[in-house]
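Q: I am attaching a structure below and will ask some questions about it afterwards.
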Amino acid sequence: MPILEVENLSVSFKQYTGLKQKTHKVISSLNVTLEAGEILAVVGASGSGKSLLAHAILGILPRNASICGVIKYAGEELTPDRQTVLRGKEIALVPQSVNFLDPLMRVGSQVRTSVKNGDAVSVQREVFERYHLRQEVEKMYPFQLSGGMARRTLLSTAMVSGAKVIIADEPTPGLDPDVIKEALNNFREVADNGCAVMLITHDIESALNIADKIAVFYAGTTVEVAPVENFKGHGEEIRHPYSKALWRALPQNDFIPIPGSQPHPSSLPAGCLFAPRCVMATPECRQVQPEMRKLRGGMVRCIHAT
Amino acid sequence: MQLEAKDIGFRYGNGPWLFQGVNLTLEPGEIVGITGPSGCGKTTFCRILAGFETPIEGTVTFNSAPLPKKGYHPVQLIFQHPEKAINPRWKMHKILNEGWKPNKEVLELLGIDREWLERWPNELSGGELQRFCVARALGPNTRFLIADEMTTMLDAITQTQIWHAVIEIAKKRKMGIVVVTHESKLMQRLCQRVIDFNDFS
Ligand SMILES: Nc1ncnc2c1ncn2[C@@H]1O[C@H](COP(=O)(O)OP(=O)(O)OP(=O)(O)O)[C@@H](O)[C@H]1O
Ligand code: SF4
Ligand SMILES: [Mg+2]
């Protein structure tokens, strides 16, 4: 049984322009599952809903947001009450924004309050050493940290929490290569010890080194879930045309982009959301939005994928 | 038309030197990369090149004269976080036309949709906003562009689109570019030579 299941999640925001209230849906149908002992990398277009998914799982979306669909933890629906109990203990977040640190608390203490097993002080010192944070850093307040130091503090907090699910939202930008490597190895270690990890990242290459599966997001939907081994060569084994295009655009591959951009949530096309940019599109694609279906040991939301 | 940084040194207050003795001469049309560990002062150096910060030691000259203090700045800086570089209370068309009126060619190259101009900044994704910041920095009098982790927060397709557009414009106008990125593969694709900040700290 998967430890975390997200089925057909949609997220909408209420917005006011003057007195008029408008609701717009920014995520329309996200599906992901996390297994214990596994790392799932989540990649995709910027603005495709990756951070919102993370926040929906943790139950920390802004107040004007409403969600539909089901999120299950250990087989049971994750209600707001359960989210409050589990947050930071069984389900931990490494947030994308460094503004998540408590501005009034020394960072060493922040990490210590999250320690689950062992002596809080020594566990905190060990993890700081691992992430190349000097001992004097534990006495600092968040405003005294550089962006990279703040990110390493956030990573430390999640790593010492003993959580069963870790959701890391872009944990590595701005870090040095050796610290990135350390952090990624650390994710692999906790996964090998039975934790489930969701690694949201634009760094596809690093993700491939440590993840088991990769989920690709586009315009608020999951378009593909694939074993990492499929991402190689010219992307022949990749299922969805968007994932293929993303792979080929990487500097180490063709470095050639497809034209156009992801549709805005307020003006989604009919049918397949990728159709306006897809070279394989046929009139059929513009009729209804394709469902996720199984294909070659993965999943794809495309009627023509083979 | 050179941008020349000579013997640049910088530190905050009485703190230790972030770097000293940095030399960089950028010719028109040249693309140079800067690498170095996080916190080593790459961003500070970019701000010095664009005239936002005064170096403690050394000088920056444009065309053998000091950087201009007034008027349109010939050295334009683009940051990693577009949301920090724009006024959230302005609609996009106002933000876009702040320094110059980007022509149709620039808008098309950068893939800026006409319909986006009527939106507020929070109604666009990071990738869309960054296109505006790039368009805004590409005025006809821009001679050098400083791109500090310009596409770090973007997906690979958007990253490649923006870089292709910028390089095409730079070639046409013989504009020089400084690229800061931690992505070595991107650096190899873009840059003719690379300066390592490890050598100056
Ligand atoms: N509070 C909000 N109100 C309205 N729209 C929002 C809000 N927060 C996010 N959005 C919109 O929801 C969409 C998804 O945002 P999200 O932050 O999840 O993207 P992302 O995939 O994490 O992108 P990135 O890779 O740039 O971090 C975007 O179009 C964004 O503009
Ligand atoms: S369903 Fe059609 S338009 Fe959509 S990705 Fe597949 S081929 Fe392209
Ligand atoms: Mg995000």
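The chains in the structure tokens are called A, B, ... from first to last as shown; in each chain the residues are counted from 1, and the ligands are counted from 1 in the order shown.
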Near chain A, meaning an atom within 9 Å, which residues of chain B appear when counting only C-alpha atoms? Write them as a list in words.
A: Gly36, Pro37, Ser38, Gly39, Gly111, Glu123, Leu124, Ser125, Gly126, Gly127, Glu128, Glu149, Thr152, Met153, Leu154, Asp155, Ala156, Ile157, Thr158, Gln159, Thr160, Gln161, His164, His182, Lys185, Leu186, Met187, Gln188 and Arg189 of chain B
Q: Please identify all protein, DNA and RNA residues within 8 Å of ligand 3, counting only C-alpha atoms and all ligand atoms, and report them as a count of residues only.
A: 10
Q: Show me which residues line ligand 2, defined as having an atom within 8 Å of a ligand atom where only C-alpha atoms and all ligand atoms count, and present them as a VMD selection string.
A: chain A and resid 240 to 242 271 to 282 284 to 286 289 to 290 301 to 305
Q: Please identify all polymer residues within 8 Å of range 155-159 of chain A, counting only C-alpha atoms, omitting same-chain residues fewer than 2 positions from it, and present them as JSON, numbers by chain.
A: {"A": [88, 92, 93, 94, 110, 111, 112, 114, 115, 124, 127, 128, 131, 151, 152, 153, 161, 162, 163, 166, 171, 183]}
Q: Return as a PyMOL selection string the full set of residues in range 30-163 of chain B whose backbone-based DSSP assignment is strand (DSSP E).
A: chain B and resi 31-35+57-62+65-66+75-78+144-148
Q: Quick one: write out the picked residues with N, CA and C atoms as a PDB file, in the first residue's frame?
A:
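Generated output (again_9.pdb):
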```pdb
ATOM      1  N   ILE B  31      30.610  36.668 -24.491  1.00  0.00           N
ATOM      2  CA  ILE B  31      29.833  36.067 -23.405  1.00  0.00           C
ATOM      3  C   ILE B  31      30.783  35.375 -22.435  1.00  0.00           C
ATOM      4  N   VAL B  32      30.818  35.888 -21.194  1.00  0.00           N
ATOM      5  CA  VAL B  32      31.758  35.397 -20.196  1.00  0.00           C
ATOM      6  C   VAL B  32      30.990  34.853 -18.993  1.00  0.00           C
ATOM      7  N   GLY B  33      31.419  33.719 -18.473  1.00  0.00           N
ATOM      8  CA  GLY B  33      30.772  33.124 -17.322  1.00  0.00           C
ATOM      9  C   GLY B  33      31.523  33.399 -16.033  1.00  0.00           C
ATOM     10  N   ILE B  34      30.807  33.399 -14.908  1.00  0.00           N
ATOM     11  CA  ILE B  34      31.443  33.498 -13.592  1.00  0.00           C
ATOM     12  C   ILE B  34      30.969  32.317 -12.751  1.00  0.00           C
ATOM     13  N   THR B  35      31.921  31.554 -12.187  1.00  0.00           N
ATOM     14  CA  THR B  35      31.544  30.485 -11.263  1.00  0.00           C
ATOM     15  C   THR B  35      32.214  30.730  -9.919  1.00  0.00           C
ATOM     16  N   GLU B  57      37.779  48.740  -3.481  1.00  0.00           N
ATOM     17  CA  GLU B  57      39.019  48.907  -4.225  1.00  0.00           C
ATOM     18  C   GLU B  57      38.730  48.747  -5.707  1.00  0.00           C
ATOM     19  N   GLY B  58      39.493  49.466  -6.530  1.00  0.00           N
ATOM     20  CA  GLY B  58      39.407  49.255  -7.975  1.00  0.00           C
ATOM     21  C   GLY B  58      38.348  50.116  -8.645  1.00  0.00           C
ATOM     22  N   THR B  59      38.274  49.988  -9.965  1.00  0.00           N
ATOM     23  CA  THR B  59      37.358  50.834 -10.741  1.00  0.00           C
ATOM     24  C   THR B  59      36.650  50.033 -11.825  1.00  0.00           C
ATOM     25  N   VAL B  60      35.451  50.496 -12.144  1.00  0.00           N
ATOM     26  CA  VAL B  60      34.722  49.937 -13.277  1.00  0.00           C
ATOM     27  C   VAL B  60      34.580  51.044 -14.306  1.00  0.00           C
ATOM     28  N   THR B  61      34.977  50.787 -15.550  1.00  0.00           N
ATOM     29  CA  THR B  61      34.825  51.808 -16.582  1.00  0.00           C
ATOM     30  C   THR B  61      34.060  51.250 -17.772  1.00  0.00           C
ATOM     31  N   PHE B  62      33.301  52.154 -18.403  1.00  0.00           N
ATOM     32  CA  PHE B  62      32.568  51.829 -19.613  1.00  0.00           C
ATOM     33  C   PHE B  62      33.103  52.774 -20.679  1.00  0.00           C
ATOM     34  N   ALA B  65      35.509  55.419 -19.480  1.00  0.00           N
ATOM     35  CA  ALA B  65      35.043  56.482 -18.572  1.00  0.00           C
ATOM     36  C   ALA B  65      34.269  55.822 -17.424  1.00  0.00           C
ATOM     37  N   PRO B  66      34.117  56.540 -16.283  1.00  0.00           N
ATOM     38  CA  PRO B  66      33.342  55.951 -15.183  1.00  0.00           C
ATOM     39  C   PRO B  66      31.913  55.629 -15.629  1.00  0.00           C
ATOM     40  N   VAL B  75      24.690  49.229 -18.714  1.00  0.00           N
ATOM     41  CA  VAL B  75      24.902  47.890 -18.165  1.00  0.00           C
ATOM     42  C   VAL B  75      23.651  47.510 -17.381  1.00  0.00           C
ATOM     43  N   GLN B  76      22.923  46.514 -17.852  1.00  0.00           N
ATOM     44  CA  GLN B  76      21.659  46.144 -17.219  1.00  0.00           C
ATOM     45  C   GLN B  76      21.802  44.799 -16.517  1.00  0.00           C
ATOM     46  N   LEU B  77      21.213  44.732 -15.318  1.00  0.00           N
ATOM     47  CA  LEU B  77      21.316  43.539 -14.484  1.00  0.00           C
ATOM     48  C   LEU B  77      19.969  42.821 -14.439  1.00  0.00           C
ATOM     49  N   ILE B  78      19.989  41.502 -14.589  1.00  0.00           N
ATOM     50  CA  ILE B  78      18.758  40.716 -14.426  1.00  0.00           C
ATOM     51  C   ILE B  78      18.963  39.738 -13.275  1.00  0.00           C
ATOM     52  N   PHE B 144      25.734  46.031 -22.306  1.00  0.00           N
ATOM     53  CA  PHE B 144      26.155  44.827 -21.597  1.00  0.00           C
ATOM     54  C   PHE B 144      25.017  44.356 -20.696  1.00  0.00           C
ATOM     55  N   LEU B 145      24.852  43.034 -20.652  1.00  0.00           N
ATOM     56  CA  LEU B 145      23.799  42.443 -19.851  1.00  0.00           C
ATOM     57  C   LEU B 145      24.443  41.554 -18.794  1.00  0.00           C
ATOM     58  N   ILE B 146      24.030  41.719 -17.548  1.00  0.00           N
ATOM     59  CA  ILE B 146      24.562  40.879 -16.475  1.00  0.00           C
ATOM     60  C   ILE B 146      23.436  39.948 -16.034  1.00  0.00           C
ATOM     61  N   ALA B 147      23.585  38.670 -16.274  1.00  0.00           N
ATOM     62  CA  ALA B 147      22.523  37.700 -15.990  1.00  0.00           C
ATOM     63  C   ALA B 147      22.932  36.861 -14.783  1.00  0.00           C
ATOM     64  N   ASP B 148      22.417  37.229 -13.600  1.00  0.00           N
ATOM     65  CA  ASP B 148      22.792  36.560 -12.354  1.00  0.00           C
ATOM     66  C   ASP B 148      21.766  35.470 -12.050  1.00  0.00           C
TER      67      ASP B 148
END
```
Q: Need to verify the contact set: range 67-74 of chain B, 10 Å, only C-alpha atoms, exclusion of same-chain residues closer than 6 positions in sequence. Can you return it as a compact mmCIF listing (two decimals) with N, CA and C atoms, in the first residue's frame?
A:
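The resulting out_27.txt:
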```
# COMPACT_ATOMS: atom_id res chain seq x y z
N LEU B 3 33.57 47.09 -21.39
CA LEU B 3 33.28 47.20 -19.97
C LEU B 3 34.50 46.63 -19.27
N LEU B 49 29.30 45.74 -11.20
CA LEU B 49 29.39 45.94 -12.65
C LEU B 49 28.23 46.79 -13.17
N ALA B 50 27.06 46.62 -12.56
CA ALA B 50 25.89 47.36 -13.04
C ALA B 50 25.73 48.71 -12.34
N GLY B 51 26.69 49.05 -11.47
CA GLY B 51 26.66 50.36 -10.83
C GLY B 51 25.73 50.47 -9.64
N PHE B 52 25.22 49.35 -9.12
CA PHE B 52 24.35 49.40 -7.94
C PHE B 52 25.15 49.48 -6.65
N THR B 59 38.27 49.99 -9.96
CA THR B 59 37.36 50.83 -10.74
C THR B 59 36.65 50.03 -11.83
N VAL B 60 35.45 50.50 -12.14
CA VAL B 60 34.72 49.94 -13.28
C VAL B 60 34.58 51.04 -14.31
N THR B 61 34.98 50.79 -15.55
CA THR B 61 34.82 51.81 -16.58
C THR B 61 34.06 51.25 -17.77
N GLY B 99 11.30 51.52 -18.85
CA GLY B 99 12.54 52.15 -19.32
C GLY B 99 12.51 52.50 -20.80
N TRP B 100 11.87 51.64 -21.58
CA TRP B 100 11.76 51.86 -23.03
C TRP B 100 10.54 51.07 -23.50
N ALA B 137 15.10 44.89 -19.82
CA ALA B 137 16.53 45.17 -19.73
C ALA B 137 17.19 45.28 -21.10
N LEU B 138 16.46 44.95 -22.17
CA LEU B 138 17.07 44.89 -23.48
C LEU B 138 16.83 46.16 -24.32
N GLY B 139 16.78 47.31 -23.67
CA GLY B 139 16.61 48.57 -24.39
C GLY B 139 17.71 48.78 -25.43
N PRO B 140 17.44 49.65 -26.42
CA PRO B 140 18.41 49.83 -27.52
C PRO B 140 19.76 50.34 -27.02
N ASN B 141 19.79 50.96 -25.85
CA ASN B 141 21.07 51.49 -25.36
C ASN B 141 21.77 50.55 -24.39
N THR B 142 21.25 49.35 -24.23
CA THR B 142 21.94 48.37 -23.39
C THR B 142 23.13 47.83 -24.16
N ARG B 143 24.31 47.96 -23.59
CA ARG B 143 25.52 47.45 -24.26
C ARG B 143 25.99 46.15 -23.62
N PHE B 144 25.73 46.03 -22.31
CA PHE B 144 26.16 44.83 -21.60
C PHE B 144 25.02 44.36 -20.70
N LEU B 145 24.85 43.03 -20.65
CA LEU B 145 23.80 42.44 -19.85
C LEU B 145 24.44 41.55 -18.79
```
